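Raw contents of upload-v1.csv, CSV, C-alpha atoms:
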```
chain,number,residue,atom,x,y,z
A,22,MET,CA,114.0,128.0,102.4
A,23,THR,CA,115.9,128.2,99.1
A,24,ASN,CA,114.2,129.4,95.9
A,25,GLY,CA,110.8,128.4,97.3
A,26,ILE,CA,112.0,124.9,98.1
A,27,PRO,CA,112.4,123.7,101.7
A,28,ASN,CA,116.0,122.8,102.3
A,29,THR,CA,117.6,122.1,105.7
A,30,ARG,CA,120.8,120.4,104.5
A,31,ASN,CA,123.8,122.2,103.0
A,32,LYS,CA,125.4,119.0,101.9
A,33,HIS,CA,125.3,115.3,102.5
A,34,PRO,CA,127.5,114.1,105.4
A,35,PRO,CA,130.6,112.2,104.4
A,36,VAL,CA,129.4,109.0,106.0
A,37,THR,CA,125.7,108.4,105.6
A,38,ARG,CA,123.7,105.9,107.6
A,39,VAL,CA,120.9,103.8,106.2
A,40,SER,CA,118.5,102.2,108.6
A,41,ALA,CA,116.8,98.9,107.7
A,42,VAL,CA,114.3,97.2,110.0
A,43,GLU,CA,112.2,94.1,109.6
A,44,CYS,CA,108.4,94.4,109.3
A,45,THR,CA,106.4,91.5,108.0
A,46,SER,CA,102.9,92.9,107.9
A,47,TYR,CA,100.9,96.1,107.5
A,48,ASP,CA,99.3,95.8,110.9
A,49,THR,CA,99.0,99.3,112.2
A,50,LYS,CA,101.0,98.7,115.5
A,51,ALA,CA,103.7,96.7,113.7
A,52,VAL,CA,104.3,99.3,111.1
A,53,GLU,CA,104.3,102.2,113.5
A,54,SER,CA,106.8,100.4,115.7
A,55,ALA,CA,109.1,99.5,112.7
A,56,VAL,CA,109.0,103.1,111.3
A,57,ARG,CA,109.8,104.5,114.7
A,58,ARG,CA,112.7,102.1,115.2
A,59,ALA,CA,114.1,103.0,111.8
A,60,ILE,CA,113.9,106.7,112.5
A,61,ASP,CA,115.1,106.5,116.1
A,62,THR,CA,118.4,104.9,114.8
A,63,LEU,CA,118.9,107.9,112.6
A,64,GLY,CA,118.5,110.3,115.5
A,65,GLY,CA,114.8,110.4,116.1
A,66,ILE,CA,111.9,112.2,114.4
A,67,GLY,CA,112.8,115.5,116.2
A,68,LYS,CA,115.8,115.7,113.8
A,69,PHE,CA,113.5,116.0,110.8
A,70,ALA,CA,110.5,118.0,112.1
A,71,SER,CA,110.0,120.8,114.6
A,72,ASN,CA,107.2,122.4,116.5
A,73,GLY,CA,105.1,124.7,114.3
A,74,GLU,CA,106.4,123.5,111.0
A,75,THR,CA,104.3,122.2,108.1
A,76,ILE,CA,105.8,119.0,106.7
A,77,LEU,CA,104.7,117.5,103.4
A,78,LEU,CA,104.6,113.7,103.5
A,79,LYS,CA,105.1,112.6,99.9
A,80,PRO,CA,104.0,109.0,99.2
A,81,ASN,CA,104.2,107.2,95.8
A,82,LEU,CA,100.6,107.4,94.5
A,83,LEU,CA,101.3,106.5,90.9
A,84,GLN,CA,97.8,105.0,90.1
A,85,PRO,CA,94.4,104.6,91.7
A,86,LYS,CA,95.2,101.0,92.9
A,87,SER,CA,94.5,99.2,96.1
A,88,PRO,CA,97.4,98.8,98.5
A,89,GLU,CA,97.6,95.0,97.9
A,90,GLU,CA,98.7,95.6,94.3
A,91,ALA,CA,102.0,97.1,95.5
A,92,VAL,CA,101.8,100.0,93.0
A,93,THR,CA,101.6,102.7,95.8
A,94,THR,CA,103.0,103.4,99.2
A,95,HIS,CA,100.8,101.5,101.8
A,96,PRO,CA,98.6,103.9,103.8
A,97,GLU,CA,99.8,102.4,107.1
A,98,ILE,CA,103.3,103.7,106.3
A,99,VAL,CA,101.7,107.2,105.9
A,100,ARG,CA,99.7,106.8,109.1
A,101,ALA,CA,102.8,105.9,111.1
A,102,MET,CA,104.7,109.0,109.7
A,103,ILE,CA,101.7,111.3,110.4
A,104,ARG,CA,101.7,110.2,114.1
A,105,LEU,CA,105.5,110.5,114.4
A,106,VAL,CA,105.6,114.0,112.9
A,107,ARG,CA,102.8,115.2,115.1
A,108,GLU,CA,104.7,114.1,118.2
A,109,THR,CA,107.1,117.0,117.4
A,110,GLY,CA,104.4,119.6,117.3
A,111,ALA,CA,104.7,119.9,113.5
A,112,ASN,CA,101.7,119.8,111.1
A,113,PRO,CA,101.9,116.9,108.6
A,114,VAL,CA,100.1,117.1,105.3
A,115,VAL,CA,99.9,114.4,102.6
A,116,GLY,CA,100.2,115.0,98.9
A,117,ASP,CA,101.4,113.7,95.5
A,118,SER,CA,100.9,114.3,91.8
A,119,PRO,CA,100.9,111.2,89.5
A,120,GLY,CA,101.6,111.2,85.8
A,121,GLY,CA,99.0,112.2,83.2
A,122,ARG,CA,96.3,114.7,83.5
A,123,CYS,CA,95.7,115.9,87.1
A,124,SER,CA,92.5,117.3,88.4
A,125,GLU,CA,90.9,117.5,91.8
A,126,LYS,CA,88.3,114.9,90.8
A,127,MET,CA,91.0,112.5,89.6
A,128,LEU,CA,93.1,113.0,92.8
A,129,HIS,CA,90.0,112.4,95.0
A,130,TYR,CA,89.5,109.1,93.2
A,131,LEU,CA,93.2,108.3,93.6
A,132,ALA,CA,93.1,109.0,97.3
A,133,GLN,CA,90.1,106.9,97.7
A,134,LYS,CA,91.4,103.8,95.9
A,135,THR,CA,94.9,103.9,97.5
A,136,GLY,CA,93.4,104.3,101.0
A,137,MET,CA,95.0,107.7,101.6
A,138,ASP,CA,91.7,109.5,102.1
A,139,ARG,CA,90.7,107.0,104.8
A,140,VAL,CA,94.0,107.4,106.7
A,141,CYS,CA,94.0,111.2,106.3
A,142,GLU,CA,90.4,111.4,107.6
A,143,GLU,CA,91.1,109.1,110.5
A,144,GLU,CA,94.2,111.0,111.5
A,145,GLY,CA,92.7,114.4,110.8
A,146,VAL,CA,95.2,115.6,108.2
A,147,GLU,CA,94.8,117.3,104.8
A,148,PHE,CA,95.4,115.5,101.5
A,149,ILE,CA,96.9,118.1,99.2
A,150,PHE,CA,96.3,118.3,95.4
A,151,LEU,CA,99.7,119.1,93.9
A,152,ILE,CA,98.3,120.5,90.6
A,153,ASP,CA,99.8,124.0,90.3
A,154,SER,CA,103.5,124.5,89.6
A,155,GLN,CA,106.1,127.2,90.0
A,156,THR,CA,109.5,127.5,88.3
A,157,VAL,CA,112.4,126.9,90.7
A,158,SER,CA,115.9,127.8,89.8
A,159,PHE,CA,118.6,125.1,90.3
A,160,PRO,CA,121.8,126.6,88.8
A,161,GLN,CA,124.0,123.9,90.3
A,162,GLY,CA,122.2,121.1,88.4
A,163,GLY,CA,124.3,118.7,86.3
A,164,ILE,CA,121.8,118.7,83.4
A,165,ILE,CA,118.8,120.7,84.5
A,166,ARG,CA,119.0,124.3,85.7
A,167,SER,CA,115.4,124.8,86.7
A,168,PHE,CA,112.3,122.7,87.5
A,169,ASN,CA,108.6,123.3,87.4
A,170,LEU,CA,107.7,122.0,90.9
A,171,ALA,CA,104.4,121.9,92.8
A,172,SER,CA,103.8,125.4,94.0
A,173,TYR,CA,102.6,124.1,97.4
A,174,LEU,CA,106.2,123.4,98.3
A,175,SER,CA,106.7,127.1,99.0
A,176,ARG,CA,104.2,126.7,101.9
A,177,VAL,CA,106.0,123.9,103.7
A,178,ALA,CA,109.1,123.8,105.9
A,179,GLY,CA,110.3,120.4,104.6
A,180,VAL,CA,109.5,117.2,102.7
A,181,ILE,CA,109.6,113.7,104.0
A,182,SER,CA,109.6,111.2,101.1
A,183,LEU,CA,107.6,107.9,101.6
A,184,ALA,CA,108.6,105.8,98.6
A,185,LYS,CA,107.7,102.3,97.4
A,186,LEU,CA,110.3,99.7,96.5
A,187,LYS,CA,109.5,98.7,92.9
A,188,THR,CA,111.3,97.8,89.7
A,189,HIS,CA,111.0,100.3,86.9
A,190,THR,CA,111.2,99.4,83.2
A,191,LEU,CA,113.1,102.6,82.4
A,192,THR,CA,115.3,103.4,85.4
A,193,GLY,CA,115.7,99.8,86.8
A,194,LEU,CA,114.4,100.7,90.3
A,195,THR,CA,112.2,103.3,91.7
A,196,GLY,CA,112.9,104.3,95.3
A,197,ALA,CA,113.8,107.4,97.2
A,198,VAL,CA,115.3,109.4,94.3
A,199,LYS,CA,112.6,108.6,91.7
A,200,ASN,CA,109.8,109.4,94.3
A,201,THR,CA,110.7,113.1,94.0
A,202,PHE,CA,109.5,113.1,90.4
A,203,GLY,CA,106.0,113.2,91.8
A,204,LEU,CA,106.6,116.7,92.9
A,205,ILE,CA,106.4,117.7,89.3
A,206,PRO,CA,102.7,118.1,88.6
A,207,GLY,CA,100.9,115.9,86.1
A,208,LEU,CA,101.5,116.3,82.4
A,209,GLU,CA,104.7,118.4,83.0
A,210,LYS,CA,106.4,115.0,83.6
A,211,SER,CA,105.6,114.1,80.0
A,212,ASP,CA,107.2,117.3,78.9
A,213,ILE,CA,110.4,116.3,80.6
A,214,HIS,CA,110.3,112.8,79.0
A,215,SER,CA,109.9,114.4,75.6
A,216,ARG,CA,112.9,116.7,76.2
A,217,ILE,CA,115.1,114.0,77.8
A,218,PRO,CA,114.4,110.7,76.0
A,219,ASP,CA,117.8,109.1,76.8
A,220,VAL,CA,117.6,107.0,79.9
A,221,ASN,CA,121.0,108.1,81.2
A,222,GLU,CA,120.3,111.8,80.8
A,223,PHE,CA,116.8,111.2,82.3
A,224,SER,CA,118.6,109.6,85.3
A,225,GLU,CA,120.9,112.7,85.5
A,226,MET,CA,117.8,114.8,85.7
A,227,LEU,CA,116.4,112.7,88.6
A,228,VAL,CA,119.6,113.1,90.6
A,229,ASP,CA,119.4,116.9,90.0
A,230,LEU,CA,115.7,116.9,91.1
A,231,ALA,CA,116.5,115.0,94.3
A,232,GLU,CA,119.2,117.5,95.1
A,233,CYS,CA,116.9,120.4,94.3
A,234,VAL,CA,114.1,119.1,96.5
A,235,ARG,CA,116.4,117.6,99.2
A,236,PRO,CA,113.8,115.7,101.3
A,237,ARG,CA,114.8,115.9,105.0
A,238,LEU,CA,114.1,112.1,105.3
A,239,SER,CA,113.3,109.3,103.0
A,240,VAL,CA,111.5,106.1,104.1
A,241,VAL,CA,110.9,103.2,101.7
A,242,ASP,CA,108.0,100.8,102.0
A,243,GLY,CA,109.6,97.5,101.2
A,244,ILE,CA,107.2,95.3,103.1
A,245,LEU,CA,105.3,94.4,99.9
A,246,ALA,CA,107.5,95.4,96.9
A,247,MET,CA,107.1,94.9,93.2
A,248,GLU,CA,109.4,92.9,90.9
A,249,GLY,CA,109.3,92.3,87.1
A,250,ASP,CA,107.9,95.0,84.9
A,251,GLY,CA,107.3,97.7,87.5
A,252,PRO,CA,106.3,100.3,88.4
A,253,THR,CA,102.7,99.2,87.6
A,254,ALA,CA,102.8,96.0,85.5
A,255,GLY,CA,105.0,93.9,87.8
A,256,VAL,CA,104.3,91.3,90.4
A,257,PRO,CA,104.0,92.0,94.2
A,258,ARG,CA,106.9,90.4,96.2
A,259,HIS,CA,106.9,90.2,99.9
A,260,ILE,CA,110.3,91.5,101.3
A,261,GLY,CA,109.3,92.5,104.8
A,262,ARG,CA,111.6,95.5,105.3
A,263,ILE,CA,111.3,99.3,105.9
A,264,VAL,CA,114.4,101.3,105.0
A,265,ALA,CA,115.1,104.9,105.9
A,266,SER,CA,117.9,107.5,105.4
A,267,GLU,CA,118.6,111.2,105.3
A,268,ASN,CA,120.4,110.6,102.0
A,269,PRO,CA,118.1,109.4,99.2
A,270,HIS,CA,121.0,108.4,97.0
A,271,ALA,CA,122.6,106.2,99.7
A,272,LEU,CA,119.3,104.7,100.4
A,273,ASP,CA,118.8,103.7,96.8
A,274,ALA,CA,122.3,102.3,96.6
A,275,PHE,CA,121.5,100.1,99.6
A,276,LEU,CA,118.2,99.0,98.0
A,277,ALA,CA,120.0,98.1,94.7
A,278,GLY,CA,122.4,95.9,96.6
A,279,MET,CA,119.7,94.4,98.8
A,280,VAL,CA,117.8,93.1,95.8
A,281,GLY,CA,120.8,92.4,93.5
A,282,ALA,CA,119.7,95.0,91.0
A,283,GLY,CA,123.2,95.6,89.4
A,284,ASN,CA,124.0,99.0,88.0
A,285,ILE,CA,121.1,101.4,88.5
A,286,PRO,CA,121.7,104.7,86.5
A,287,THR,CA,120.7,107.1,89.2
A,288,VAL,CA,122.9,105.4,91.8
A,289,GLU,CA,125.9,105.3,89.5
A,290,ILE,CA,125.4,109.0,88.6
A,291,ALA,CA,125.2,109.9,92.3
A,292,ARG,CA,128.4,108.0,93.0
A,293,ARG,CA,130.2,109.9,90.3
A,294,ARG,CA,129.0,113.2,91.8
A,295,GLY,CA,130.1,112.2,95.3
A,296,LEU,CA,126.6,112.0,96.6
A,297,VAL,CA,126.9,108.4,97.7
A,298,PRO,CA,129.8,107.9,100.2
A,299,ASN,CA,132.1,104.9,99.9
A,300,ASP,CA,131.3,104.0,103.5
A,301,ILE,CA,127.6,103.6,104.0
A,302,GLU,CA,126.9,102.5,107.6
A,303,VAL,CA,123.9,100.1,107.6
A,304,ILE,CA,122.1,100.1,111.0
A,305,GLY,CA,118.9,98.5,112.3
A,306,ASP,CA,117.9,94.9,112.4
A,307,ALA,CA,120.6,92.2,111.7
A,308,SER,CA,118.1,90.2,109.7
A,309,THR,CA,117.9,92.9,107.0
A,310,ALA,CA,121.6,92.5,106.1
A,311,THR,CA,120.8,89.4,104.0
A,312,ARG,CA,120.3,89.8,100.3
A,313,VAL,CA,116.9,89.2,98.8
A,314,GLU,CA,117.4,86.2,96.5
A,315,GLY,CA,115.8,85.7,93.1
A,316,PHE,CA,114.4,89.3,92.9
A,317,LYS,CA,113.3,89.7,89.3
A,318,MET,CA,114.5,92.8,87.6
A,319,PRO,CA,113.0,94.0,84.3
A,320,PRO,CA,115.2,93.5,81.1
A,321,LYS,CA,117.3,96.6,80.4
A,322,PRO,CA,115.2,98.8,78.1
A,323,HIS,CA,118.0,99.8,75.9
A,324,ALA,CA,120.5,97.1,75.4
A,325,PHE,CA,123.2,99.4,73.9
A,326,GLY,CA,122.2,102.6,75.7
A,327,MET,CA,125.8,103.4,76.6
A,328,ILE,CA,127.1,103.2,73.1
A,329,ARG,CA,127.2,106.3,71.0
A,330,GLY,CA,127.5,106.7,67.2
A,331,LEU,CA,125.2,105.7,64.4
A,332,LEU,CA,125.6,101.9,64.7
A,333,GLY,CA,125.1,102.1,68.5
A,334,TYR,CA,121.9,104.0,68.1
A,335,GLY,CA,120.8,101.5,65.4
A,336,LEU,CA,121.5,98.5,67.7
A,337,ASN,CA,119.8,100.3,70.5
A,338,GLU,CA,116.7,100.8,68.3
A,339,SER,CA,116.8,97.2,67.2
A,340,PHE,CA,117.1,95.6,70.7
A,341,SER,CA,115.1,98.0,72.8
A,342,ARG,CA,111.8,96.9,74.2
A,343,LYS,CA,108.8,98.5,72.5
A,344,PRO,CA,105.2,98.9,73.8
A,345,VAL,CA,102.7,96.4,72.5
A,346,PHE,CA,99.0,96.7,73.2
A,347,LEU,CA,96.8,93.8,74.2
A,348,ASP,CA,93.3,94.3,72.8
A,349,SER,CA,91.9,91.7,75.3
A,350,ARG,CA,92.7,94.1,78.2
A,351,CYS,CA,92.6,97.6,76.6
A,352,THR,CA,89.5,99.6,77.4
A,353,LEU,CA,90.4,102.6,75.2
A,354,CYS,CA,90.4,104.9,78.3
A,355,GLY,CA,92.9,107.2,76.6
A,356,SER,CA,95.2,107.6,79.6
A,357,CYS,CA,98.2,106.4,77.6
A,358,ILE,CA,97.4,108.8,74.7
A,359,GLU,CA,97.2,111.7,77.1
A,360,ALA,CA,100.5,110.8,78.9
A,361,CYS,CA,102.6,110.1,75.7
A,362,PRO,CA,105.2,112.9,75.6
A,363,ALA,CA,106.1,112.2,72.0
A,364,GLU,CA,102.5,112.2,70.8
A,365,ALA,CA,103.1,108.8,69.2
A,366,LEU,CA,99.7,107.4,70.1
A,367,ARG,CA,96.3,107.9,68.6
A,368,LYS,CA,93.0,106.3,69.3
A,369,GLY,CA,92.2,103.1,67.2
A,370,LYS,CA,89.1,101.0,66.8
A,371,LYS,CA,90.0,98.4,69.5
A,372,MET,CA,93.2,99.9,71.0
A,373,PRO,CA,95.6,102.8,70.6
A,374,VAL,CA,97.7,102.9,67.5
A,375,ILE,CA,101.4,103.7,68.0
A,376,ASP,CA,103.7,105.5,65.5
A,377,ARG,CA,107.0,103.7,66.0
A,378,LYS,CA,108.9,106.5,64.3
A,379,LEU,CA,107.8,108.9,67.1
A,380,CYS,CA,108.1,106.6,70.1
A,381,ILE,CA,110.9,107.6,72.4
A,382,ARG,CA,110.8,104.4,74.6
A,383,CYS,CA,110.0,106.3,77.8
A,384,TYR,CA,107.3,103.7,78.7
A,385,CYS,CA,105.0,106.4,80.1
A,386,CYS,CA,102.1,104.6,78.4
A,387,GLN,CA,102.8,101.4,80.3
A,388,GLU,CA,103.3,103.3,83.5
A,389,VAL,CA,99.9,105.1,83.5
A,390,CYS,CA,97.9,102.1,82.1
A,391,GLY,CA,95.7,100.8,84.9
A,392,TYR,CA,94.7,97.6,83.1
A,393,LYS,CA,98.1,96.1,82.3
A,394,ALA,CA,97.2,96.3,78.6
A,395,ILE,CA,100.7,97.2,77.5
A,396,GLU,CA,103.6,94.8,77.3
A,397,LEU,CA,107.2,95.6,76.4
A,398,ARG,CA,108.7,93.4,73.8
A,399,ARG,CA,111.9,93.3,71.7
A,400,GLN,CA,111.2,93.3,68.0
A,401,LEU,CA,114.4,92.9,66.1
A,402,LEU,CA,115.1,94.7,62.8
A,403,ARG,CA,115.6,92.3,59.9
A,404,SER,CA,118.9,93.5,58.5
A,405,MET,CA,122.0,95.5,59.3
A,406,GLY,CA,120.7,98.0,56.7
A,407,GLU,CA,117.7,98.6,58.9
A,408,VAL,CA,119.9,98.9,61.9
A,409,ALA,CA,122.0,101.6,60.3
A,410,ALA,CA,119.0,103.5,59.0
A,411,ALA,CA,117.3,103.4,62.4
A,412,GLY,CA,120.6,104.5,63.9
A,413,ILE,CA,120.8,107.6,61.7
A,414,LYS,CA,117.2,108.6,62.5
A,415,ARG,CA,117.6,108.0,66.2
A,416,TYR,CA,120.9,109.9,66.3
A,417,LEU,CA,119.5,112.9,64.6
A,418,LYS,CA,116.4,112.9,66.7
A,419,VAL,CA,118.4,112.8,70.0
A,420,LYS,CA,120.9,115.4,68.9
```
If you took the structure in this file and wrote it as structure tokens, what would it be?
Amino acid sequence: MTNGIPNTRNKHPPVTRVSAVECTSYDTKAVESAVRRAIDTLGGIGKFASNGETILLKPNLLQPKSPEEAVTTHPEIVRAMIRLVRETGANPVVGDSPGGRCSEKMLHYLAQKTGMDRVCEEEGVEFIFLIDSQTVSFPQGGIIRSFNLASYLSRVAGVISLAKLKTHTLTGLTGAVKNTFGLIPGLEKSDIHSRIPDVNEFSEMLVDLAECVRPRLSVVDGILAMEGDGPTAGVPRHIGRIVASENPHALDAFLAGMVGAGNIPTVEIARRRGLVPNDIEVIGDASTATRVEGFKMPPKPHAFGMIRGLLGYGLNESFSRKPVFLDSRCTLCGSCIEACPAEALRKGKKMPVIDRKLCIRCYCCQEVCGYKAIELRRQLLRSMGEVAAAGIKRYLKVK
């Protein structure tokens, strides 16, 4: 245990294996068999859990959506991991903290809609409400030196991450690394977005967070993935694969290559830091070596995000995708207003009203919207003068 965070690895091995196996359905026996095969090729479940330990199984439970909508980790993946961990004599528990305001009532509803309460009840395990936080020091961080993480982490011996393969309008993909963001409770995620609005710096933070938490094992549910405007407003896409690794960065690098995602900021940052080895050994089923063709990535949110200087910020402002509300779908539930880290939203008569001067393009509003009432669209500025003016404002705000 280090600073209240379970940690059983001192450093990533120089050559990291990623296990990818085929699984075409969420049939209970098929999933359990596939998850077992993926983990056996990495050394077996006994490598990641031991008798008497409490192990937190951390799925992606972003919204109270049914498993068929591909927003959350499928409950059968969680069931399979519960059973495997129990074989070692360890005690598995399941928990997560989505964005927005977290309460026990909300998390009960989340567990019910996602199927987690049913699986936990049938398997006799506890669903943990990750509401309270504690400050954890991480002095070796590249951009963040401490995190406010779920205080329950101090009570477990290790974390096993159970992520969902989805696109993400801000970070490109969400997989093993991004899944650790759920260990920061509720609205504290919004605070991080407000302090770190730049997508590249935000990705640096995610890499720091994954290294701080250091899950013992990461398993990604890629049976039914999401493409397009994920992580909530995209389209389900059947991939038929389960992927696992001890190294979340190597796992995400494999996923990016598998779907042809191009440069994913968290993966590139991990490469620069030496967290992704040059020689990733891919093991498992031969059929998973083929690339997924035609996988739809979201447009890059900030077309000139790597350019610095006033004109670069202005062009970034001009070409970046901006939230647009659809009054035909909006219910004025207020979840987007609560989650907005920049306080750029207020309640209107038919839908929320956005202050474009305050919007930091984090897309938290779209991420928490349960009605797909927010689209991201490019709205070009009319002149180079507006580009320059926007650049000055954005530059001063970021600085």
Near A:Pro320, counting all atoms listed in the file, which residues have an atom at most 10 Å away, once you skip same-chain residues fewer than 5 positions from it, shown as a ChimeraX atom specification? /A:189-191,193,249-250,341-342,397-399
Restricting the output to C-alpha atoms, write the selected residues as a CSV table (one decimal), in the frame of the given file.
```
chain,number,residue,atom,x,y,z
A,189,HIS,CA,111.0,100.3,86.9
A,190,THR,CA,111.2,99.4,83.2
A,191,LEU,CA,113.1,102.6,82.4
A,193,GLY,CA,115.7,99.8,86.8
A,249,GLY,CA,109.3,92.3,87.1
A,250,ASP,CA,107.9,95.0,84.9
A,341,SER,CA,115.1,98.0,72.8
A,342,ARG,CA,111.8,96.9,74.2
A,397,LEU,CA,107.2,95.6,76.4
A,398,ARG,CA,108.7,93.4,73.8
A,399,ARG,CA,111.9,93.3,71.7
```
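Note that atom CA of A:Glu43 and atom CA of A:Pro236 are 23.2 Å apart.
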Would you mind listing what lies within 8 Å of A:Phe159 as a ChimeraX atom specification, with all atoms listed in the file counted and same-chain residues fewer than 3 positions away left out? /A:162,165-168,233
Given only C-alpha atoms as the basis, pick out the residue of A:Ile301, A:Val280, A:Glu359, A:Ile152 nearest to A:Glu125.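 Between A:Ile301, A:Val280, A:Glu359, A:Ile152, the residue approaching A:Glu125 most closely is A:Ile152.
Neighbourhood of point (128.2, 106.7, 92.7): residues with an atom at most 12 Å away, counting only C-alpha atoms, are Glu225, Val228, His270, Ala271, Leu272, Asp273, Ala274, Phe275, Asn284, Ile285, Pro286, Thr287, Val288, Glu289, Ile290, Ala291, Arg292, Arg293, Arg294, Gly295, Leu296, Val297, Pro298, Asn299, Asp300 and Ile301 of chain A.
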Can you patch up stretch 252-275 of chain A, filling it in to N, CA and C atoms, and show the result as a short mmCIF file (atom, residue, chain, number, x, y, z; two decimals), in the coordinates of the input?
```cif
data_model
loop_
_atom_site.label_atom_id
_atom_site.label_comp_id
_atom_site.auth_asym_id
_atom_site.auth_seq_id
_atom_site.Cartn_x
_atom_site.Cartn_y
_atom_site.Cartn_z
N PRO A 252 106.88 100.06 87.06
CA PRO A 252 106.30 100.30 88.40
C PRO A 252 104.82 99.98 88.54
N THR A 253 104.16 99.51 87.45
CA THR A 253 102.70 99.20 87.60
C THR A 253 102.37 97.80 87.10
N ALA A 254 103.13 97.25 86.15
CA ALA A 254 102.80 96.00 85.50
C ALA A 254 103.55 94.80 86.06
N GLY A 255 104.25 94.99 87.18
CA GLY A 255 105.00 93.90 87.80
C GLY A 255 104.21 93.05 88.69
N VAL A 256 104.91 92.28 89.51
CA VAL A 256 104.30 91.30 90.40
C VAL A 256 104.64 91.65 91.86
N PRO A 257 103.67 91.70 92.78
CA PRO A 257 104.00 92.00 94.20
C PRO A 257 104.93 90.88 94.74
N ARG A 258 105.89 91.33 95.56
CA ARG A 258 106.90 90.40 96.20
C ARG A 258 107.07 90.82 97.62
N HIS A 259 106.78 89.90 98.52
CA HIS A 259 106.90 90.20 99.90
C HIS A 259 108.42 90.21 100.31
N ILE A 260 108.87 91.36 100.83
CA ILE A 260 110.30 91.50 101.30
C ILE A 260 110.34 91.67 102.78
N GLY A 261 109.38 92.37 103.36
CA GLY A 261 109.30 92.50 104.80
C GLY A 261 110.32 93.44 105.43
N ARG A 262 110.59 94.57 104.74
CA ARG A 262 111.60 95.50 105.30
C ARG A 262 111.11 96.97 105.07
N ILE A 263 111.49 97.81 106.02
CA ILE A 263 111.30 99.30 105.90
C ILE A 263 112.72 99.86 106.01
N VAL A 264 113.05 100.74 105.07
CA VAL A 264 114.40 101.30 105.00
C VAL A 264 114.29 102.83 105.03
N ALA A 265 115.19 103.49 105.75
CA ALA A 265 115.10 104.90 105.90
C ALA A 265 116.55 105.52 105.87
N SER A 266 116.64 106.77 105.42
CA SER A 266 117.90 107.50 105.40
C SER A 266 117.70 108.96 105.17
N GLU A 267 118.65 109.78 105.63
CA GLU A 267 118.60 111.20 105.30
C GLU A 267 119.08 111.41 103.85
N ASN A 268 119.82 110.49 103.31
CA ASN A 268 120.40 110.60 102.00
C ASN A 268 119.68 109.69 101.02
N PRO A 269 118.85 110.22 100.11
CA PRO A 269 118.10 109.40 99.20
C PRO A 269 118.98 108.55 98.26
N HIS A 270 120.14 109.08 97.92
CA HIS A 270 121.00 108.40 97.00
C HIS A 270 121.67 107.16 97.70
N ALA A 271 122.09 107.35 98.95
CA ALA A 271 122.60 106.20 99.70
C ALA A 271 121.57 105.16 99.95
N LEU A 272 120.34 105.61 100.21
CA LEU A 272 119.30 104.70 100.40
C LEU A 272 119.03 103.81 99.19
N ASP A 273 118.99 104.44 98.02
CA ASP A 273 118.80 103.70 96.80
C ASP A 273 119.94 102.76 96.48
N ALA A 274 121.15 103.19 96.83
CA ALA A 274 122.30 102.30 96.60
C ALA A 274 122.17 101.07 97.50
N PHE A 275 121.69 101.24 98.73
CA PHE A 275 121.50 100.10 99.60
C PHE A 275 120.38 99.18 99.02
#
```
